[in-house]
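Asks: The structure is given below, and queries will be raised subsequently.
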Amino acid sequence: VASAQIYFRGELAESAEGASRREAVRSAWTLRPGERFTQTAWDAAKTAVLRELTARRYPAGRIYNSLADVDPLTQRAFLTVELDSGDPVRVGAVQVQGAQRYGTETPEHLVRLSGLTPGSDYDLETLQDAQQRIADTGLYDSVFVTIEPLADGQPAPVLVQVRETLRQKLVLGVGGSTDNGARFSLEHTHHRVPGIGWRAISKLQYERDDQVASSDWTSPPDDKGWRWIAGAQVARQIDGFDTTRSERLRAGRSQENHVLDRSLFLQYDRARASNSVLDTTPSTESALSANYAWTQRRFDQTPFPENGYGLGVELGAGTTLGSVRRPFTRAHTRWRGYWPLGQPDPQANTSQGAAGARSRLVLRLEGGALWAQKSAPIPETQLFLTGGDTTVRGYALRDIGVPQADGGVSPGRYMAVGSLEWQRPIVRQGVLSPWEHVVFVDVGAVADNMPDLTPHWGVGTGVRYNSPVGPLQLDLAWGQKSREWRLHLNVGFSF
């Protein structure tokens, strides 16, 4: 390639405000001077600039003219592309089609919350965000959000086409994990509870060491995306010789989307702990707390991220209840980051489920702390344990805690967890497969006092299969404290 020139026609060429857009389109050009000219690369470069042109403000943009003048004697190619932006498109009213059971208010609110407000410029990314927000409500089997340009530069209506799901749904589930054995679940969803119009999700789940019954209720989102939330949970948790029976009530407000979640809520906890070995009277503690939770996701893609990060923070303050009342504060934070290494493999075949063509480093950090007087009777469900498939591999589920006289562990007031993992795609005969190889180091500690935090290391290796439902994880890890090998199996990506 000797030269590559990009010219513009239409409103973008004449607009003084369009200088930044013209520069963005030129930056999207991929076949630069000095590179080898091929028909495939030429087509890909034209597609890239057209995609950038039509992504914002000019959805009707087109390639008006293109020329690749190839001189076979000098082996040089002179490239020219002329783009016609067409007229700019601005957003108009929202039109919802297919709404019968759940009305049009929720899609209209979510379209506006995504940034598609009357008079704003067309933006493909914002359009896709609106579509994802509506799909995430669970009220629809399919959602399509498009712009319908009108003549004479009139604002274009936002057309939302939906196919509603049934009002009620019942799901039976079976599964399993190396942490908790076989799993059976029963989940019922009512998308519009008569009388209040809230969504209710009630669930029963049985595993070897965990049994849970819960019901969570949420209102439709308001014009700022906030919902009222209410929930109740009854659970039994077995950790070695300890059995904890707990109840939890929660009420507040939340705002959720695929990038940012926020919630404010009041929570009541009650927990009764007993030990099958020690001859002690079971203790029952309860507490009331006010909490704020915030989660941000900046991954380049899910469920197979190659780059980006996720950060979650939860802060709470409350008091114990009963005969002894003591104030306490609580903090819990988690972070996960991805860093790609090297350059992409041009033979990557993501249609087979491969996350990407580059190896990557994954760093995971988690910390928790509860501050209160030593005599404060804190419910065990507010304290911390760690260990298992998704925390510190090489140890059993919740196997890292405060050591007890019976040889088991109990929850502690402080927790620290870290993990570094190298993920490397497996290439077979030059073609990227959906399999990956991983090597990792995990570490975690739990204690009632920060100076007593003792690291528990786990090291190992494993494989990932990038299935249609997310990454299937199979790891073999050695626990430095447990002095044994453990097999860990897990599926899916969540943050």
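Note on naming: chains are A, B, ... as they come in the structure tokens, residues start from 1 per chain, ligands start from 1 in the order shown.
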Residues at most 8 Å from segment 23-40 of chain A, counting only C-alpha atoms, excluding those fewer than 3 positions away in the same chain, as a ChimeraX atom specification?
Replies: /A:1-4,6,19-20,43-46,48-50,52-53,77
Asks: Kindly assemble as a tab-separated table a list of the segment 195-309 of chain A residues that lie within 12 Å of segment 423-440 of chain A, each paired with its nearest atom pair and their distance in Å to one decimal, using only C-alpha atoms, sorted first by chain and then by ascending residue number.
Replies:
residue	atom	partner	partner_atom	distance
A:Phe304	CA	A:Pro434	CA	10.8
A:Pro305	CA	A:Gln423	CA	11.2
A:Glu306	CA	A:Gln423	CA	9.7
Asks: Using all heavy atoms, can you write the selected residues to a file as a compact mmCIF listing (two decimals), in the first residue's frame?
Replies:
# COMPACT_ATOMS: atom_id res chain seq x y z
N PHE A 304 -16.87 -14.60 28.26
CA PHE A 304 -15.48 -14.96 28.02
C PHE A 304 -14.62 -13.70 27.94
O PHE A 304 -14.15 -13.32 26.86
CB PHE A 304 -15.35 -15.77 26.72
CG PHE A 304 -16.26 -16.96 26.63
CD1 PHE A 304 -17.29 -16.98 25.71
CD2 PHE A 304 -16.10 -18.04 27.47
CE1 PHE A 304 -18.15 -18.07 25.61
CE2 PHE A 304 -16.94 -19.14 27.38
CZ PHE A 304 -17.97 -19.14 26.46
N PRO A 305 -14.42 -12.98 29.03
CA PRO A 305 -13.65 -11.74 28.97
C PRO A 305 -12.19 -11.98 28.67
O PRO A 305 -11.60 -12.97 29.11
CB PRO A 305 -13.85 -11.13 30.36
CG PRO A 305 -14.16 -12.29 31.24
CD PRO A 305 -14.92 -13.27 30.39
N GLU A 306 -11.59 -11.04 27.91
CA GLU A 306 -10.16 -11.04 27.65
C GLU A 306 -9.48 -9.83 28.27
O GLU A 306 -8.29 -9.85 28.51
CB GLU A 306 -9.89 -11.00 26.14
CG GLU A 306 -9.93 -12.35 25.45
CD GLU A 306 -9.27 -12.25 24.08
OE1 GLU A 306 -9.49 -11.24 23.39
OE2 GLU A 306 -8.54 -13.18 23.72
Asks: Assign secondary structure with DSSP using the backbone only, and return the residues of segment 111-215 of chain A in helix (DSSP H, G or I) as JSON, numbers by chain.
Replies: {"A": [111, 112, 113, 114, 124, 125, 126, 127, 128, 129, 130, 131, 132, 133, 134, 135, 136, 151, 152, 153]}
Asks: How would the residues just picked look written out with N, CA, C and O atoms as a CSV table (one decimal), in the first residue's frame?
Replies:
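Output file part.csv follows:
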chain,number,residue,atom,x,y,z
A,111,VAL,N,-35.5,2.7,27.8
A,111,VAL,CA,-34.9,3.3,26.6
A,111,VAL,C,-34.4,4.7,27.0
A,111,VAL,O,-33.3,5.1,26.6
A,112,ARG,N,-35.1,5.4,27.8
A,112,ARG,CA,-34.7,6.8,28.2
A,112,ARG,C,-33.4,6.7,29.1
A,112,ARG,O,-32.5,7.5,29.0
A,113,LEU,N,-33.4,5.7,30.0
A,113,LEU,CA,-32.3,5.6,30.9
A,113,LEU,C,-31.0,5.2,30.1
A,113,LEU,O,-29.9,5.5,30.6
A,114,SER,N,-31.1,4.6,29.0
A,114,SER,CA,-29.9,4.2,28.2
A,114,SER,C,-29.3,5.4,27.6
A,114,SER,O,-28.1,5.4,27.1
A,124,LEU,N,-25.4,3.7,18.0
A,124,LEU,CA,-25.7,2.3,17.9
A,124,LEU,C,-25.4,1.6,19.2
A,124,LEU,O,-26.1,0.8,19.7
A,125,GLU,N,-24.3,2.0,19.9
A,125,GLU,CA,-24.0,1.4,21.2
A,125,GLU,C,-25.1,1.7,22.2
A,125,GLU,O,-25.4,0.8,23.0
A,126,THR,N,-25.6,2.9,22.2
A,126,THR,CA,-26.7,3.2,23.2
A,126,THR,C,-28.0,2.4,22.8
A,126,THR,O,-28.7,2.0,23.7
A,127,LEU,N,-28.2,2.2,21.5
A,127,LEU,CA,-29.3,1.4,21.1
A,127,LEU,C,-29.2,0.0,21.6
A,127,LEU,O,-30.2,-0.6,22.1
A,128,GLN,N,-28.0,-0.6,21.5
A,128,GLN,CA,-27.8,-1.9,21.9
A,128,GLN,C,-27.9,-2.0,23.5
A,128,GLN,O,-28.4,-3.0,24.0
A,129,ASP,N,-27.5,-1.0,24.2
A,129,ASP,CA,-27.6,-0.9,25.6
A,129,ASP,C,-29.1,-0.9,26.0
A,129,ASP,O,-29.5,-1.6,27.0
A,130,ALA,N,-29.9,-0.2,25.3
A,130,ALA,CA,-31.3,-0.1,25.6
A,130,ALA,C,-32.0,-1.5,25.4
A,130,ALA,O,-32.8,-2.0,26.2
A,131,GLN,N,-31.6,-2.2,24.3
A,131,GLN,CA,-32.1,-3.5,24.1
A,131,GLN,C,-31.7,-4.5,25.2
A,131,GLN,O,-32.5,-5.3,25.6
A,132,GLN,N,-30.4,-4.4,25.6
A,132,GLN,CA,-30.0,-5.3,26.7
A,132,GLN,C,-30.7,-5.0,28.0
A,132,GLN,O,-31.0,-6.0,28.7
A,133,ARG,N,-30.9,-3.8,28.3
A,133,ARG,CA,-31.6,-3.4,29.6
A,133,ARG,C,-33.0,-4.0,29.6
A,133,ARG,O,-33.5,-4.6,30.6
A,134,ILE,N,-33.7,-3.9,28.5
A,134,ILE,CA,-35.1,-4.5,28.4
A,134,ILE,C,-35.0,-6.0,28.5
A,134,ILE,O,-35.9,-6.6,29.2
A,135,ALA,N,-34.1,-6.6,27.8
A,135,ALA,CA,-34.0,-8.1,27.8
A,135,ALA,C,-33.7,-8.6,29.3
A,135,ALA,O,-34.2,-9.6,29.7
A,136,ASP,N,-32.9,-7.8,30.0
A,136,ASP,CA,-32.5,-8.2,31.4
A,136,ASP,C,-33.6,-8.2,32.4
A,136,ASP,O,-33.5,-8.8,33.4
A,151,ALA,N,-38.3,11.2,6.8
A,151,ALA,CA,-37.8,12.2,5.8
A,151,ALA,C,-37.8,13.6,6.4
A,151,ALA,O,-38.3,13.9,7.5
A,152,ASP,N,-37.1,14.5,5.8
A,152,ASP,CA,-37.0,15.9,6.1
A,152,ASP,C,-36.4,16.2,7.5
A,152,ASP,O,-36.6,17.2,8.1
A,153,GLY,N,-35.5,15.2,7.9
A,153,GLY,CA,-34.8,15.4,9.1
A,153,GLY,C,-35.6,15.4,10.4
A,153,GLY,O,-35.1,15.9,11.5
Asks: Go through A:Thr295, A:Ala235, A:Ala372, A:Gly418 and flag the residue nearest Ser494 of chain A, using only C-alpha atoms for the distances.
Replies: A:Thr295
Asks: Of the candidates A:Val94, A:Thr329, A:Ala447, A:Val362, which one gets nearest to Phe384 of chain A if we count only C-alpha atoms?
Replies: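 Closest residue, counting only C-alpha atoms: A:Ala447.
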Asks: Could you work out how far atom CA of Asn65 of chain A lies from atom CA of Glu82 of chain A, giving the answer in Å with one decimal?
Replies: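 Separation between atom CA of Glu82 of chain A and atom CA of Asn65 of chain A: 5.0 Å.
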Asks: Could you check which of A:Gly86, A:Gly401, A:Pro377, A:Gly138 is closest to Glu14 of chain A, using only C-alpha atoms?
Replies: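 Using only C-alpha atoms, the shortest distance to Glu14 of chain A belongs to A:Gly86.
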Asks: Could you give me, as a VMD selection string, the residues within 12 Å of Pro157 of chain A, counting only C-alpha atoms and dropping anything in the same chain fewer than 5 positions from it?
Replies: chain A and resid 89 to 96 108 111 116 to 120 122 145 to 151
Asks: Assign secondary structure with DSSP using the backbone only, and return the residues of segment 39-178 of chain A in strand (DSSP E or B) as a PyMOL selection string.
Replies: chain A and resi 56+62-71+76-84+90-97+121+123+140-147+156-164+168-177
Asks: Find, counting only C-alpha atoms, the residue in A:Ala213, A:Leu83, A:Val446, A:Ser254 that gets nearest to Gln233 of chain A.
Replies: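 Smallest separation from Gln233 of chain A among the options: A:Ala213.
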Asks: Excluding Arg270 of chain A and its own-chain neighbours fewer than 5 positions away, which residues fall within 9 Å of it when counting only C-alpha atoms? Please give them as number ranges by chain.
Replies: A: 245-248, 284-287, 379-381
Asks: So, with only C-alpha atoms as the atoms that count, which of A:Asp242, A:Pro155, A:His190, A:Pro340 lies closest to Gln168 of chain A?
Replies: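 Closest candidate: A:His190.
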Asks: Quick one: residues within 8 Å of Arg167 of chain A, only C-alpha atoms counted, chain neighbours fewer than 4 positions away excluded, as JSON, numbers by chain?
Replies: {"A": [101, 190, 191, 192]}
Asks: Keeping only all heavy atoms, write the selected residues as a PDB file, in the first residue's frame.
Replies:
ATOM      1  N   ARG A 101     -49.236  -8.043  28.329  1.00  0.00           N
ATOM      2  CA  ARG A 101     -49.350  -8.379  29.753  1.00  0.00           C
ATOM      3  C   ARG A 101     -48.716  -7.330  30.650  1.00  0.00           C
ATOM      4  O   ARG A 101     -49.207  -7.055  31.736  1.00  0.00           O
ATOM      5  CB  ARG A 101     -48.685  -9.733  30.037  1.00  0.00           C
ATOM      6  CG  ARG A 101     -49.273 -10.910  29.282  1.00  0.00           C
ATOM      7  CD  ARG A 101     -48.594 -12.205  29.722  1.00  0.00           C
ATOM      8  NE  ARG A 101     -49.099 -13.358  29.006  1.00  0.00           N
ATOM      9  CZ  ARG A 101     -48.535 -13.848  27.909  1.00  0.00           C
ATOM     10  NH1 ARG A 101     -47.442 -13.279  27.426  1.00  0.00           N
ATOM     11  NH2 ARG A 101     -49.043 -14.898  27.302  1.00  0.00           N
ATOM     12  N   HIS A 190     -43.124 -15.336  39.221  1.00  0.00           N
ATOM     13  CA  HIS A 190     -44.378 -14.677  38.852  1.00  0.00           C
ATOM     14  C   HIS A 190     -44.009 -13.257  38.438  1.00  0.00           C
ATOM     15  O   HIS A 190     -43.581 -12.452  39.252  1.00  0.00           O
ATOM     16  CB  HIS A 190     -45.359 -14.656  40.033  1.00  0.00           C
ATOM     17  CG  HIS A 190     -46.782 -14.422  39.611  1.00  0.00           C
ATOM     18  ND1 HIS A 190     -47.166 -13.341  38.854  1.00  0.00           N
ATOM     19  CD2 HIS A 190     -47.921 -15.135  39.825  1.00  0.00           C
ATOM     20  CE1 HIS A 190     -48.462 -13.390  38.622  1.00  0.00           C
ATOM     21  NE2 HIS A 190     -48.946 -14.475  39.199  1.00  0.00           N
ATOM     22  N   HIS A 191     -44.175 -12.941  37.138  1.00  0.00           N
ATOM     23  CA  HIS A 191     -43.713 -11.661  36.620  1.00  0.00           C
ATOM     24  C   HIS A 191     -44.597 -10.490  37.001  1.00  0.00           C
ATOM     25  O   HIS A 191     -44.139  -9.341  36.957  1.00  0.00           O
ATOM     26  CB  HIS A 191     -43.587 -11.735  35.092  1.00  0.00           C
ATOM     27  CG  HIS A 191     -42.474 -12.610  34.625  1.00  0.00           C
ATOM     28  ND1 HIS A 191     -41.145 -12.320  34.868  1.00  0.00           N
ATOM     29  CD2 HIS A 191     -42.473 -13.784  33.940  1.00  0.00           C
ATOM     30  CE1 HIS A 191     -40.377 -13.261  34.342  1.00  0.00           C
ATOM     31  NE2 HIS A 191     -41.159 -14.163  33.778  1.00  0.00           N
ATOM     32  N   ARG A 192     -45.847 -10.735  37.353  1.00  0.00           N
ATOM     33  CA  ARG A 192     -46.734  -9.659  37.779  1.00  0.00           C
ATOM     34  C   ARG A 192     -47.668 -10.196  38.865  1.00  0.00           C
ATOM     35  O   ARG A 192     -48.706 -10.785  38.569  1.00  0.00           O
ATOM     36  CB  ARG A 192     -47.550  -9.114  36.598  1.00  0.00           C
ATOM     37  CG  ARG A 192     -46.823  -8.134  35.714  1.00  0.00           C
ATOM     38  CD  ARG A 192     -46.550  -6.813  36.448  1.00  0.00           C
ATOM     39  NE  ARG A 192     -45.952  -5.817  35.566  1.00  0.00           N
ATOM     40  CZ  ARG A 192     -44.650  -5.620  35.439  1.00  0.00           C
ATOM     41  NH1 ARG A 192     -43.811  -6.387  36.113  1.00  0.00           N
ATOM     42  NH2 ARG A 192     -44.188  -4.672  34.646  1.00  0.00           N
TER      43      ARG A 192
END
Asks: So the first atom is atom CA of Arg360 of chain A and the second is atom CA of Leu341 of chain A; what is the distance between them in Å, to one decimal place?
Replies: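 Between these atoms lies a distance of 5.2 Å.
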